[in-house]
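Participant: Dumping the structure here so I can ask a few things about it.
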Amino acid sequence: MMQWAWFIPVFPLISFILILLIGNRIKEKSAYLAILLSFLSVILSFFVLLERAEKTTYQVETIWFSIGNIDITAGYSITALNSLIILIVSLISFLVHIYSMGYMKGHQRFSTFYGYLGLFTFSMLALVMTTNLLQLYVFWELVGLGSFLLIGFYFEKEAAKKAAKKAFIMTRIGDVGLFIAMILLFWQVESFRYEDIFQAVESGSISSGLVTAIAILIFIGAMGKSGQFPLHTWLPDAMEGPTPVSALIHAATMVAAGVYLVASLYPVFLASEVALMVVAIIGGFTAIFAASIALVQKDIKRILAYSTVSQLGYMMLGLGAFGYVAAIFHLTTHAFFKALLFLAAGSVIHAVGTQNIENMGGLKEKMRFTMILFLIGALSLSGVPLFSGFFSKEAILIATLESGHGVLLSLALITTFLTSFYMFRLFFLVFSGNMRGETKAVHESPKNMVWPMAILAVLSILVGYIDRPFSFNEWLLMDIHFNQHHSDHAIWIMILSIVLSLFGIALAYMMYHPNGMMKRDWLSLQVPFFYNILVNKYYVDEFYEKTVIKVTKMSGIVLHWFDRFIIEGVMNGVASFTQFIGRQGAKLQNGQTQMYSTIAFFGLAIFMIIYAVIGGGW
Amino acid sequence: MTTPLSAYLTLALILFCIGLYGALTKRNTVIVLICIELMLNAANINFVAFSKYGLIPSIHGQVFSLFTITIAAAEAAVGLAILIAIYQNRKSVHIDDYQSMKH
Amino acid sequence: MNGEFVAFIVLAIVAISGGIWMLNLTKVVHMVVSLVFTFLSIAGLYILLSAEFVAAVQVLIYSGAITIIMLFGIMLTKHQDHEKKGSTRKKIFLFASILAFAFSIYIGIYNLDIGQEGTDLHVNNTEQIGIALYTHYVIPFELTSVVLLVALVGAIILAKKEEKEEKQDT
């Protein structure tokens, strides 16, 4: 079955092309076409995963082109990591396809939306299946393009356009790092293929300083796509896109591409202690940074966006702490419960019509399904036992503990508390109490929106137990070899994190539930300065505006001036010079015999001079 | 000391250059025609000089100069007739006015 | 210092100055008159070169007939007595070209090394010319007379035709 694996990205590609061609004619029915193709992708990836669970890595490569005597190959491979992520991506894409039938119903560009979804899914699947860096870069950029198109889907809104541009440009800045890393690797290894790179790195033929630089540059690329600090500001703004898009791209797949990049190039990171430290530090810092901002946001999707940034920080922290399996595990569980949360949020927004949680409340009675599913997602995210998020978060905390990063561990524990707090603040504000906004007819969402959420909810519970029957650990580590510190699971970490999560839930209950005893703003009143900083997201956006953007605009103006006056001046100069010569030439042809005779005589004089100087006779 | 051949030739060269300069610079068409006559005269001096001091001194140089004078006279007459004809058309002998060959 | 040489120098100076006056004078008639000086001094030079017949013909034809015809041309056409100035750049350019030309020809003259002198040309000059003309050069002689005839008829037709058309207009 694995030899047909290349079909997996091709199905969404066909969906994109077909919808591009005939979408306008079939309009609403394009959803069925896309859903069908997406379903085929899911089935195929499921079988591929099953097969890969038993056999070893499968790889197919062909020669793409040659430079000199170096051949650049293209192909795909099914490693353990790949097969897992392929299933995640195609499954969530499929569920989002179904969900969008209800959410985007009646929109004018309905079929275009499905086309873009297909394009994005294709790029993401192809990205995950590649064998070499150059091909990865191609699909990396394609994924960025798909994200741009989907974020700016409501292009009538100015904010959506700006958000799309911001996302693209900011990830592009990260991509520069990746590109430089690619060039350095090619320079050292003379090949883009993963195996050659791993071989060169492990055999020590690249100097260690260079390996560190390469690893950090690769991580910069991952930072862009995964929204780590300081390249994180595009993710919250990307919530301008439709909610299914947020679920697909910014919860489950594209942002996971950064984590996937670091994971699949893990041997390069393993060769450099410094790089892993950098990854862990930035990951840990981002986790707490984003969680703190999420505490005070009022937009439902923005809270979830910052939550995504924070959880990605967790994954990076896990990777940096040698917790490869833990990070991938968390990636898997996060994909499911975050997608669930986004879809549920979309369901709420679809029903209530606003995204501001100040104007919501009391949806418990009217949207029972949504509430239960949202609750499952929230519990999973908060790391409550029995739900999948608990297991994966545990794994990361244990890995951090075992690799001895004390400070980062405490940051991660604090973040656990913050996570559960802001999650349940959101839950209580949206669903409990009475409706604070306009009470129009709020009803439960249609079935095609509820069923995908239900499936995701089931998965977010079950995926946590994947380690028991399948020995997930060893299967994932089949392709990578490194020394894992495998001590006994420290029980105290588990208990401490459970306590923190429950404490967060309790505090949120007390502050935001109508039955709670505390006032909502007891803390924010005492420290208004900090509160303001958090609400304004630490002013990072404003800082960027004043420095980076201003500098870029200035240099743009300078270059524009240069182009207008100097380059065009030269061109105009050439043109007018030619005209000048022409006019001078025209003066010679003034119709007067004397002028013509003068010129003729001049020619004769030249000849005579030459004749005399040469000495006569040639 | 007898005058050398090169002196006569140099004199003829100078007269020729003066005539050429005048023919190509003067604005009045009649004067242009006169300068052309001067050029022909200079060439005649050459003929006669070579007839006396040349490789094989003989009378043939002088005979040829007679022919040149004859043709020069004929040419002057015809040239002037053409000038009169043009003058009757354009009412001007200023040579800058004869520029219908201009693009 | 040979008398011949002195005579040559004087005549040469007259000829050249006649030419230069012609270039620099302003009134057209003056220009023609200065050219007469040149023609006459050239006739003197011919005598120096033992070409008496040619000298006589030169005086007759050039300073006689051609000068008169030019004066007729001036009379029949309207002139502004003072010429307009031409473009100085062209003059300088032309002057430079002429200098270059003259220089190169002078190099040729300078390197010329032909020696013989004809000694009996002035003996019965006219008779010699006549004999040469009617024996060696009969055919060119006849053709020249045809050319003269053609020029005569052509000039008359050219100048006359316009008159006829004018008469028809009025």
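Labels for the structure tokens follow display order: chains A, B, ..., residues from 1 in each chain, ligands from 1.
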Determine which residues of range 3-147 of chain C DSSP labels as alpha helix (DSSP H) from the backbone of this structure, then write them out as an MDAnalysis selection string.
Facilitator: chainID C and resid 3:24 28:48 52:57 67:76 88:110 125:135 138:147
Participant: At a cut-off of 6 Å, can you tabulate as CSV every residue of chain A near chain C together with its closest atom pair and the distance in Å to one decimal, using only C-alpha atoms and ordering rows by chain then number?
Facilitator:
residue,atom,partner,partner_atom,distance
A:Phe602,CA,C:Ser97,CA,5.5
A:Ala605,CA,C:Phe101,CA,4.7
A:Met608,CA,C:Ser104,CA,5.9
A:Ile609,CA,C:Ser104,CA,5.3
A:Ala612,CA,C:Ser104,CA,5.4
Participant: Write out, as a PDB file, in the first residue's frame, the residues just selected, with C-alpha atoms.
Facilitator:
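Saved file out25.pdb follows:
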ATOM      1  CA  PHE A 602      36.200  65.948 -45.871  1.00  0.00           C
ATOM      2  CA  ALA A 605      40.877  64.843 -47.295  1.00  0.00           C
ATOM      3  CA  MET A 608      44.602  61.937 -48.911  1.00  0.00           C
ATOM      4  CA  ILE A 609      46.045  62.208 -45.429  1.00  0.00           C
ATOM      5  CA  ALA A 612      50.335  60.652 -47.720  1.00  0.00           C
TER       6      ALA A 612
END
Participant: Mind listing as a tab-separated table (two decimals) with C-alpha atoms, in the first residue's frame which residues of chain B are within 6 Å of chain C, counting only C-alpha atoms?
Facilitator:
chain	number	residue	atom	x	y	z
B	1	MET	CA	68.32	80.01	-60.00
B	3	THR	CA	62.04	78.68	-60.25
B	52	LYS	CA	57.69	72.89	-69.29
B	53	TYR	CA	59.30	71.18	-66.32
B	55	LEU	CA	59.03	64.28	-67.16
B	57	PRO	CA	58.57	68.44	-71.65
B	74	ALA	CA	31.22	76.53	-71.89
B	78	VAL	CA	25.58	77.00	-69.07
B	81	ALA	CA	21.99	80.20	-67.72
B	85	ALA	CA	16.46	80.17	-64.83
Participant: Could you tell me which residues of chain A sit within 6 Å of chain B when counting only C-alpha atoms, and give me the result as a short mmCIF file (atom, residue, chain, number, x, y, z; two decimals) with N, CA and C atoms, in the first residue's frame?
Facilitator:
data_model
loop_
_atom_site.label_atom_id
_atom_site.label_comp_id
_atom_site.auth_asym_id
_atom_site.auth_seq_id
_atom_site.Cartn_x
_atom_site.Cartn_y
_atom_site.Cartn_z
N ASN A 590 20.68 69.12 -44.77
CA ASN A 590 19.79 70.26 -44.87
C ASN A 590 19.49 70.65 -46.30
N GLY A 591 19.85 69.80 -47.23
CA GLY A 591 19.45 70.06 -48.61
C GLY A 591 20.34 71.04 -49.31
N GLN A 592 21.41 71.48 -48.63
CA GLN A 592 22.25 72.46 -49.31
C GLN A 592 23.45 71.75 -49.90
N GLN A 594 26.29 72.85 -50.63
CA GLN A 594 27.59 73.17 -50.06
C GLN A 594 27.91 72.24 -48.88
#
Participant: Just want the 10 Å neighbourhood of range 496-502 of chain A, counted on only C-alpha atoms, with same-chain residues fewer than 5 positions away dropped. Output as a ChimeraX atom specification.
Facilitator: /A:379,381-385,390,393-394,397,412-421,491,507-508
Participant: Go ahead and write the selection's residues with C-alpha atoms as an mmCIF file, in the first residue's frame.
Facilitator:
data_model
loop_
_atom_site.group_PDB
_atom_site.id
_atom_site.type_symbol
_atom_site.label_atom_id
_atom_site.label_comp_id
_atom_site.auth_asym_id
_atom_site.auth_seq_id
_atom_site.Cartn_x
_atom_site.Cartn_y
_atom_site.Cartn_z
ATOM 1 C CA LEU A 379 -10.383 19.576 29.763
ATOM 2 C CA LEU A 381 -6.066 21.172 26.856
ATOM 3 C CA SER A 382 -5.870 21.815 30.562
ATOM 4 C CA GLY A 383 -4.258 18.496 31.173
ATOM 5 C CA VAL A 384 -6.935 16.925 33.315
ATOM 6 C CA PRO A 385 -6.342 13.207 33.776
ATOM 7 C CA PHE A 390 -2.853 15.102 30.194
ATOM 8 C CA LYS A 393 1.743 17.227 28.637
ATOM 9 C CA GLU A 394 3.047 14.827 31.255
ATOM 10 C CA LEU A 397 7.177 17.806 31.643
ATOM 11 C CA ALA A 412 6.194 25.056 32.119
ATOM 12 C CA LEU A 413 4.403 24.285 35.359
ATOM 13 C CA ILE A 414 3.259 27.865 35.753
ATOM 14 C CA THR A 415 2.042 27.733 32.185
ATOM 15 C CA THR A 416 -0.009 24.669 33.003
ATOM 16 C CA PHE A 417 -1.777 26.645 35.663
ATOM 17 C CA LEU A 418 -2.311 29.591 33.334
ATOM 18 C CA THR A 419 -3.562 27.330 30.589
ATOM 19 C CA SER A 420 -6.304 25.775 32.590
ATOM 20 C CA PHE A 421 -7.204 29.144 34.043
ATOM 21 C CA ILE A 491 5.383 10.716 40.270
ATOM 22 C CA LEU A 507 -9.878 29.818 40.379
ATOM 23 C CA ALA A 508 -11.622 30.390 37.070
#
Participant: May I ask which of the residues B:Val63, B:Ile31, B:Val48, B:Gly54 is the closest one to Leu80 in chain B, counting only C-alpha atoms?
Facilitator: B:Ile31
Participant: Might you pull out every residue within 8 Å of range 292-301 of chain A, with only C-alpha atoms counted and same-chain residues fewer than 6 positions away left off, and present them as a ChimeraX atom specification?
Facilitator: /A:236,239,307,342,345,355-358,418,421-422,426,531,534-535,537-538
Participant: Would you kindly return, as a ChimeraX atom specification, each protein, DNA or RNA residue with an atom no farther than 8 Å from any atom of Asn46 in chain B, considering only C-alpha atoms and excluding same-chain residues fewer than 3 positions away?
Facilitator: /B:8-9,12,42-43,49-50
Participant: When you draw a straight line from CA of Phe192 in chain A to CA of Thr212 in chain A, how long is it in Å?
Facilitator: 17.9 Å
Participant: Please indicate the distance in Å from CA of Ala34 in chain A to CA of Leu18 in chain A, rounded to one decimal place.
Facilitator: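 Value for the CA of Ala34 in chain A-CA of Leu18 in chain A distance: 9.1 Å.
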Participant: Quick one, how far is CA of Val42 in chain A from CA of Ala263 in chain A?
Facilitator: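 According to the coordinates, CA of Val42 in chain A and CA of Ala263 in chain A are separated by 22.9 Å.
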Participant: What's the 8 Å shell around Arg193 in chain A, counting only C-alpha atoms, without same-chain residues fewer than 5 positions away, as a list in words?
Facilitator: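 Returned residues: Thr73, Thr131, Asn132 and Leu133 of chain A.
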Participant: Kindly export the residues of the current selection with C-alpha atoms, as a CSV table (one decimal), in the first residue's frame.
Facilitator:
chain,number,residue,atom,x,y,z
A,73,THR,CA,16.4,14.2,-6.4
A,131,THR,CA,12.9,13.4,1.3
A,132,ASN,CA,15.0,16.4,0.7
A,133,LEU,CA,15.2,20.0,1.8
Participant: Could you name the residues that touch Ile22 in chain A at 12 Å or less, counting only C-alpha atoms, but leaving out those on the same chain fewer than 5 positions away, as a list in words?
Facilitator: Ile14, Ser15, Phe16, Ile17, Lys27, Glu28, Lys29, Ser30, Leu33, Ser111, Thr112 and Gly115 of chain A
